[in-house]
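Okay, structure first, notes after.
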Amino acid sequence: MLKRLFAPAFVSIFIISHPSFAADDWKIIKVNGRDYLTVDNISKFYGLPAEVAPSGAQIKLETVKDPLEFIRDSREVIINGARSWLCFPLLEHDGKFLVSRTDVAKTIEPLVRPHRVANVGQIRTVVLDPGHGGHDKGAVCRYGSEKNFALDVARQLRPLLHAKGLRVIMTREGDYFVPLEVRARIANAARDSIFVSIHFNATDRDPSATGFEIFSFTPRGAPSTSDNWVTSSSASVQAGSRVDAQSMALSACIYHSLLGHIPEFDRGIKRARFAVLRLTEVPAVLVEGGFLTERGESRLIAEKDWRGRLAQAISVGIENYRALAVKKQPPMLVADYRRQGKSVLGVPIEPVVQEVDSSLADLIGESAFPLPTPASTPPRAPSLESDVIVP
Ligand SMILES: [Zn+2]
């Protein structure tokens, strides 16, 4: 159904009929001193259909219709079939839906067009950081400790990355604690490196909480995903990262692979100022591979084979990140992986509760992205050099 609305022919007509989407086609709207762009403006710029769900709506992935699905008054957004979190909530103003300029530049652009992020994918070394260690067990469940599960994922991941010709450095090889600043220093000392920290989740608030999430560093001037955006006083003073667009691209590549290969709940692509993300100067992400506080999920995490699937999915995501530098094309998305019909182990994946419907699967394949724009009429991407876009 959506395919009909947005067939490739329509995309090309759309792009060609806007040969001069120029800088001033970003129409900035100021609200309380903050810069915003309309959802309509963003949708047109990217050539991606967008939808705004009512406030408080629970977006179910199987009902997602458009590549950009926003929720009124919310920071939650579904981008190309995976949940993501804006720094600032969607605003309604004068009958228009507005997205902060920070989010257009720092969230939407690197998630929608990770292949266009400057210096993206240039990696020789992957620094794997199994969380915790030694006296710091991390989360604990009846089957074991986070520190051991994370180390095992890294150990299973290492040969997979070696097989792809990547150098691998582990921040720890055994059950001992490594200070967080040392972990970051290891990554910063390696040439052309990325940093992938592996953790498992826990919560005492909701024993039924499950699912994957991935974090990269919060942009300057923005609250983290878990912060209350209204009361966050730290938001404006914290420094950002020069590589946050690359980190978001890495988040997107790994997260789509994770969700595409393993049918776990989608908690989303998030931002945080965790020490290892703050102190690393290279593209860095922190993966939370499920909850040890939920019985079923903790049982899965305790299985070596399941951790192997996690390692496989992360390795495919890293490979896709590296491929961005070469192919200059969008990476594979959740629906692409699921359409393959097989997991990375060659085992068909089980049907999943939150499987996207086929119209979305069609939509968020290749046709979801604007066709390559003629070199003479490049659309102006939001600038990633500074914390805000240059319209
Ligand atoms: Zn942890």
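Numbering starts fresh at 1 for the residues of each chain in the structure tokens, the chains themselves are lettered A, B, ... in the order given, and ligands are numbered from 1 as they appear.
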
Taking 6 positions as the minimum chain separation for residues in the same chain, which residues sit within 7 Å of Glu76 (chain A) when counting only C-alpha atoms? Answer as a JSON list (two decimals) with N, CA and C atoms, in the first residue's frame.
```
[["chain", "number", "residue", "atom", "x", "y", "z"],
["A", 70, "PHE", "N", 6.95, 10.01, 13.98],
["A", 70, "PHE", "CA", 7.13, 10.79, 15.21],
["A", 70, "PHE", "C", 5.91, 10.62, 16.11],
["A", 84, "SER", "N", 14.26, 5.14, 17.86],
["A", 84, "SER", "CA", 15.36, 6.04, 18.21],
["A", 84, "SER", "C", 14.79, 7.09, 19.15],
["A", 85, "TRP", "N", 15.68, 7.83, 19.75],
["A", 85, "TRP", "CA", 15.24, 8.84, 20.72],
["A", 85, "TRP", "C", 15.83, 10.18, 20.37],
["A", 86, "LEU", "N", 14.94, 11.15, 20.18],
["A", 86, "LEU", "CA", 15.39, 12.51, 19.92],
["A", 86, "LEU", "C", 15.93, 13.12, 21.20]]
```

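Residues with any atom within 7 Å of region 187-189 of chain A, counting only C-alpha atoms and excluding same-chain neighbours fewer than 6 positions away, are Val127, Phe195, Thr280, Glu281 and Val282 of chain A.
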
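With only C-alpha atoms and all ligand atoms counted, the chains near ligand 1 contribute these residues within 6 Å: Gly131, Gly138, His199 and Phe200 of chain A.
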
Next item on the list: Fewer than 5 positions away in the same chain doesn't count, so skip those; otherwise give me all residues within 8 Å of Leu277 (chain A), counting only C-alpha atoms, as number ranges by chain.
Entry: A: 184, 216-217, 272, 284-286

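CA of Arg124 (chain A) sits 12.7 Å away from CA of Ala163 (chain A).
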
Next item on the list: For Val31 (chain A), work out the shell of residues within 9 Å, counting only C-alpha atoms and skipping chain neighbours fewer than 4 positions away, then give it as a VMD selection string.
Entry: chain A and resid 35 to 36 93

Which residues are near region 169-171 of chain A? Cut-off 7 Å, only C-alpha atoms, ignore same chain within fewer than 3 positions. Put them as an mmCIF file with C-alpha atoms, in the first residue's frame.
```cif
data_model
loop_
_atom_site.group_PDB
_atom_site.id
_atom_site.type_symbol
_atom_site.label_atom_id
_atom_site.label_comp_id
_atom_site.auth_asym_id
_atom_site.auth_seq_id
_atom_site.Cartn_x
_atom_site.Cartn_y
_atom_site.Cartn_z
ATOM 1 C CA VAL A 126 37.955 -2.634 16.805
ATOM 2 C CA VAL A 127 38.437 -2.094 20.512
ATOM 3 C CA LEU A 128 36.115 -4.493 22.298
ATOM 4 C CA ASP A 129 35.247 -3.512 25.829
ATOM 5 C CA ARG A 183 39.535 1.549 28.515
ATOM 6 C CA ILE A 186 43.254 2.082 24.804
#
```

Note to self: Would you pick out the contacts of Gly290 (chain A) at 12 Å or less, using only C-alpha atoms, so that residues sharing its chain but fewer than 3 positions from it are not included, and give the list as a PyMOL selection string?
What the structure shows: chain A and resi 139+146+149-150+198-203+208-214+258-259+262-267+287+293-302+306-307+310

Would you save the residues from that selection as a short mmCIF file (atom, residue, chain, number, x, y, z; two decimals), in the first residue's frame, using N, CA and C atoms?
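Written file, out_29.cif:
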```
data_model
loop_
_atom_site.label_atom_id
_atom_site.label_comp_id
_atom_site.auth_asym_id
_atom_site.auth_seq_id
_atom_site.Cartn_x
_atom_site.Cartn_y
_atom_site.Cartn_z
N ALA A 139 25.60 -6.49 36.54
CA ALA A 139 24.33 -7.09 36.95
C ALA A 139 24.53 -8.59 37.19
N GLU A 146 27.00 -10.36 34.71
CA GLU A 146 27.18 -9.58 33.49
C GLU A 146 28.63 -9.57 33.04
N PHE A 149 29.37 -12.75 31.10
CA PHE A 149 28.62 -12.84 29.84
C PHE A 149 29.20 -11.86 28.80
N ALA A 150 29.53 -10.65 29.28
CA ALA A 150 30.07 -9.64 28.35
C ALA A 150 31.43 -10.08 27.82
N ILE A 198 30.43 -3.76 25.62
CA ILE A 198 29.38 -4.77 25.67
C ILE A 198 28.88 -4.96 27.11
N HIS A 199 27.60 -4.79 27.25
CA HIS A 199 26.97 -4.88 28.58
C HIS A 199 25.65 -5.65 28.50
N PHE A 200 25.15 -6.00 29.68
CA PHE A 200 23.78 -6.51 29.79
C PHE A 200 23.05 -5.66 30.81
N ASN A 201 21.75 -5.58 30.66
CA ASN A 201 20.95 -4.62 31.39
C ASN A 201 20.39 -5.20 32.69
N ALA A 202 19.97 -4.31 33.54
CA ALA A 202 19.25 -4.70 34.76
C ALA A 202 18.39 -3.53 35.20
N THR A 203 17.29 -3.83 35.83
CA THR A 203 16.46 -2.77 36.39
C THR A 203 15.71 -3.32 37.59
N SER A 208 9.73 -7.00 34.20
CA SER A 208 9.40 -7.59 32.90
C SER A 208 10.12 -6.89 31.74
N ALA A 209 10.98 -5.92 32.08
CA ALA A 209 11.69 -5.19 31.01
C ALA A 209 12.62 -6.13 30.26
N THR A 210 12.56 -6.02 28.93
CA THR A 210 13.43 -6.84 28.08
C THR A 210 13.93 -5.98 26.91
N GLY A 211 14.84 -6.55 26.16
CA GLY A 211 15.19 -5.95 24.87
C GLY A 211 16.58 -5.36 24.78
N PHE A 212 16.89 -4.97 23.54
CA PHE A 212 18.19 -4.39 23.23
C PHE A 212 18.11 -2.87 23.26
N GLU A 213 19.24 -2.25 23.56
CA GLU A 213 19.39 -0.82 23.32
C GLU A 213 20.86 -0.54 23.06
N ILE A 214 21.11 0.58 22.42
CA ILE A 214 22.50 0.95 22.13
C ILE A 214 22.66 2.43 22.39
N LEU A 258 21.49 -6.18 14.99
CA LEU A 258 21.04 -6.89 16.19
C LEU A 258 19.55 -7.23 16.09
N LEU A 259 18.75 -6.19 15.85
CA LEU A 259 17.30 -6.40 15.79
C LEU A 259 16.88 -7.25 14.60
N ILE A 262 18.08 -10.98 15.68
CA ILE A 262 17.59 -11.57 16.93
C ILE A 262 16.29 -10.86 17.33
N PRO A 263 15.21 -11.60 17.39
CA PRO A 263 13.91 -10.95 17.62
C PRO A 263 13.68 -10.56 19.08
N GLU A 264 14.43 -9.55 19.53
CA GLU A 264 14.23 -9.03 20.88
C GLU A 264 13.49 -7.70 20.81
N PHE A 265 12.97 -7.27 21.94
CA PHE A 265 12.25 -6.00 21.96
C PHE A 265 13.20 -4.84 21.62
N ASP A 266 12.68 -3.89 20.87
CA ASP A 266 13.44 -2.75 20.38
C ASP A 266 13.32 -1.59 21.35
N ARG A 267 14.33 -1.39 22.19
CA ARG A 267 14.30 -0.26 23.14
C ARG A 267 14.89 1.00 22.52
N VAL A 287 26.62 -1.30 23.83
CA VAL A 287 25.51 -2.18 23.50
C VAL A 287 24.98 -2.82 24.79
N THR A 293 17.57 -9.11 34.52
CA THR A 293 16.54 -9.09 35.56
C THR A 293 15.22 -9.69 35.07
N GLU A 294 15.17 -10.08 33.80
CA GLU A 294 13.95 -10.72 33.30
C GLU A 294 14.27 -12.20 33.11
N ARG A 295 13.43 -13.05 33.66
CA ARG A 295 13.79 -14.46 33.75
C ARG A 295 14.08 -15.11 32.40
N GLY A 296 13.16 -14.92 31.45
CA GLY A 296 13.34 -15.56 30.14
C GLY A 296 14.57 -15.05 29.42
N GLU A 297 14.75 -13.74 29.49
CA GLU A 297 15.88 -13.16 28.77
C GLU A 297 17.20 -13.54 29.45
N SER A 298 17.20 -13.59 30.77
CA SER A 298 18.44 -13.95 31.45
C SER A 298 18.83 -15.40 31.12
N ARG A 299 17.81 -16.24 30.93
CA ARG A 299 18.10 -17.63 30.57
C ARG A 299 18.75 -17.68 29.18
N LEU A 300 18.25 -16.85 28.28
CA LEU A 300 18.87 -16.78 26.94
C LEU A 300 20.31 -16.30 27.02
N ILE A 301 20.51 -15.22 27.78
CA ILE A 301 21.85 -14.63 27.87
C ILE A 301 22.84 -15.64 28.45
N ALA A 302 22.33 -16.52 29.31
CA ALA A 302 23.20 -17.52 29.94
C ALA A 302 23.60 -18.62 28.96
N TRP A 306 23.45 -18.47 22.31
CA TRP A 306 22.72 -17.22 22.14
C TRP A 306 23.69 -16.04 22.16
N ARG A 307 24.68 -16.11 23.06
CA ARG A 307 25.71 -15.05 23.08
C ARG A 307 26.50 -15.06 21.77
N LEU A 310 24.59 -13.12 19.33
CA LEU A 310 24.80 -11.69 19.62
C LEU A 310 26.12 -11.22 19.00
#
```

Next item on the list: Would you please extract all strand (DSSP E or B) residues from region 3-194 of chain A, as assigned by DSSP on the backbone, and give them as a VMD selection string?
Entry: chain A and resid 29 to 31 34 to 38 50 to 53 68 to 71 76 to 79 82 to 85 91 to 93 96 to 100 125 to 130 133 136 140 to 141 144 to 145 167 to 170 193 to 194

Pull C-alpha atoms from the residues just selected and write them as a PDB file, in the first residue's frame.
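out-v6.pdb written:
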```pdb
ATOM      1  CA  ILE A  29      11.333  28.362  13.209  1.00  0.00           C
ATOM      2  CA  LYS A  30      12.334  29.831  16.542  1.00  0.00           C
ATOM      3  CA  VAL A  31      10.407  28.782  19.612  1.00  0.00           C
ATOM      4  CA  ARG A  34      15.492  27.255  20.185  1.00  0.00           C
ATOM      5  CA  ASP A  35      15.711  26.465  16.482  1.00  0.00           C
ATOM      6  CA  TYR A  36      13.246  24.007  14.984  1.00  0.00           C
ATOM      7  CA  LEU A  37      12.377  22.591  11.575  1.00  0.00           C
ATOM      8  CA  THR A  38       9.019  21.250  10.570  1.00  0.00           C
ATOM      9  CA  ALA A  50       6.668  11.021   7.654  1.00  0.00           C
ATOM     10  CA  GLU A  51       3.812  10.556  10.056  1.00  0.00           C
ATOM     11  CA  VAL A  52       3.004  12.006  13.459  1.00  0.00           C
ATOM     12  CA  ALA A  53       1.189   9.771  15.929  1.00  0.00           C
ATOM     13  CA  LEU A  68       9.860   8.630   9.797  1.00  0.00           C
ATOM     14  CA  GLU A  69       7.262   8.130  12.533  1.00  0.00           C
ATOM     15  CA  PHE A  70       7.125  10.789  15.207  1.00  0.00           C
ATOM     16  CA  ILE A  71       4.932  11.033  18.294  1.00  0.00           C
ATOM     17  CA  GLU A  76      10.433   8.712  20.636  1.00  0.00           C
ATOM     18  CA  VAL A  77      10.708   8.287  16.881  1.00  0.00           C
ATOM     19  CA  ILE A  78      10.865   5.292  14.573  1.00  0.00           C
ATOM     20  CA  ILE A  79      13.446   5.827  11.854  1.00  0.00           C
ATOM     21  CA  ALA A  82      14.081   1.009  14.454  1.00  0.00           C
ATOM     22  CA  ARG A  83      13.207   3.004  17.524  1.00  0.00           C
ATOM     23  CA  SER A  84      15.357   6.042  18.207  1.00  0.00           C
ATOM     24  CA  TRP A  85      15.237   8.836  20.725  1.00  0.00           C
ATOM     25  CA  LEU A  91       6.765  20.218  19.468  1.00  0.00           C
ATOM     26  CA  GLU A  92       3.445  21.385  18.129  1.00  0.00           C
ATOM     27  CA  HIS A  93       3.411  25.081  17.282  1.00  0.00           C
ATOM     28  CA  LYS A  96       2.972  22.520  12.696  1.00  0.00           C
ATOM     29  CA  PHE A  97       5.056  19.707  14.132  1.00  0.00           C
ATOM     30  CA  LEU A  98       8.576  20.787  14.922  1.00  0.00           C
ATOM     31  CA  VAL A  99      11.850  18.918  15.432  1.00  0.00           C
ATOM     32  CA  SER A 100      14.809  20.634  17.067  1.00  0.00           C
ATOM     33  CA  THR A 125      40.922  -1.726  14.668  1.00  0.00           C
ATOM     34  CA  VAL A 126      37.955  -2.634  16.805  1.00  0.00           C
ATOM     35  CA  VAL A 127      38.437  -2.094  20.512  1.00  0.00           C
ATOM     36  CA  LEU A 128      36.115  -4.493  22.298  1.00  0.00           C
ATOM     37  CA  ASP A 129      35.247  -3.512  25.829  1.00  0.00           C
ATOM     38  CA  PRO A 130      33.601  -6.222  27.913  1.00  0.00           C
ATOM     39  CA  GLY A 133      35.243  -7.262  35.573  1.00  0.00           C
ATOM     40  CA  ASP A 136      32.735  -5.232  39.612  1.00  0.00           C
ATOM     41  CA  VAL A 140      23.858 -10.515  38.441  1.00  0.00           C
ATOM     42  CA  CYS A 141      21.214 -13.135  37.771  1.00  0.00           C
ATOM     43  CA  GLY A 144      25.751 -15.760  36.331  1.00  0.00           C
ATOM     44  CA  SER A 145      27.214 -12.256  36.110  1.00  0.00           C
ATOM     45  CA  ARG A 167      42.564  -5.872  14.169  1.00  0.00           C
ATOM     46  CA  VAL A 168      40.985  -6.451  17.569  1.00  0.00           C
ATOM     47  CA  ILE A 169      42.069  -5.123  20.925  1.00  0.00           C
ATOM     48  CA  MET A 170      40.273  -6.220  24.091  1.00  0.00           C
ATOM     49  CA  SER A 193      39.693   2.481  15.740  1.00  0.00           C
ATOM     50  CA  ILE A 194      36.152   2.183  16.955  1.00  0.00           C
TER      51      ILE A 194
END
```

Note to self: Excluding Lys327 (chain A) and its own-chain neighbours fewer than 5 positions away, which residues fall within 12 Å of it when counting only C-alpha atoms? Please give them as a PyMOL selection string.
What the structure shows: chain A and resi 114-116+120-122+319-322+332

Next item on the list: Give me every helix (DSSP H, G or I) residue in region 65-287 of chain A, going by DSSP on the backbone, as number ranges by chain.
Entry: A: 101-112, 114-116, 146-163, 180-189, 244-261, 275-279

Note to self: Report, in Å with one decimal, the straight-line distance from CA of Pro67 (chain A) to CA of Asn228 (chain A).
What the structure shows: 26.6 Å
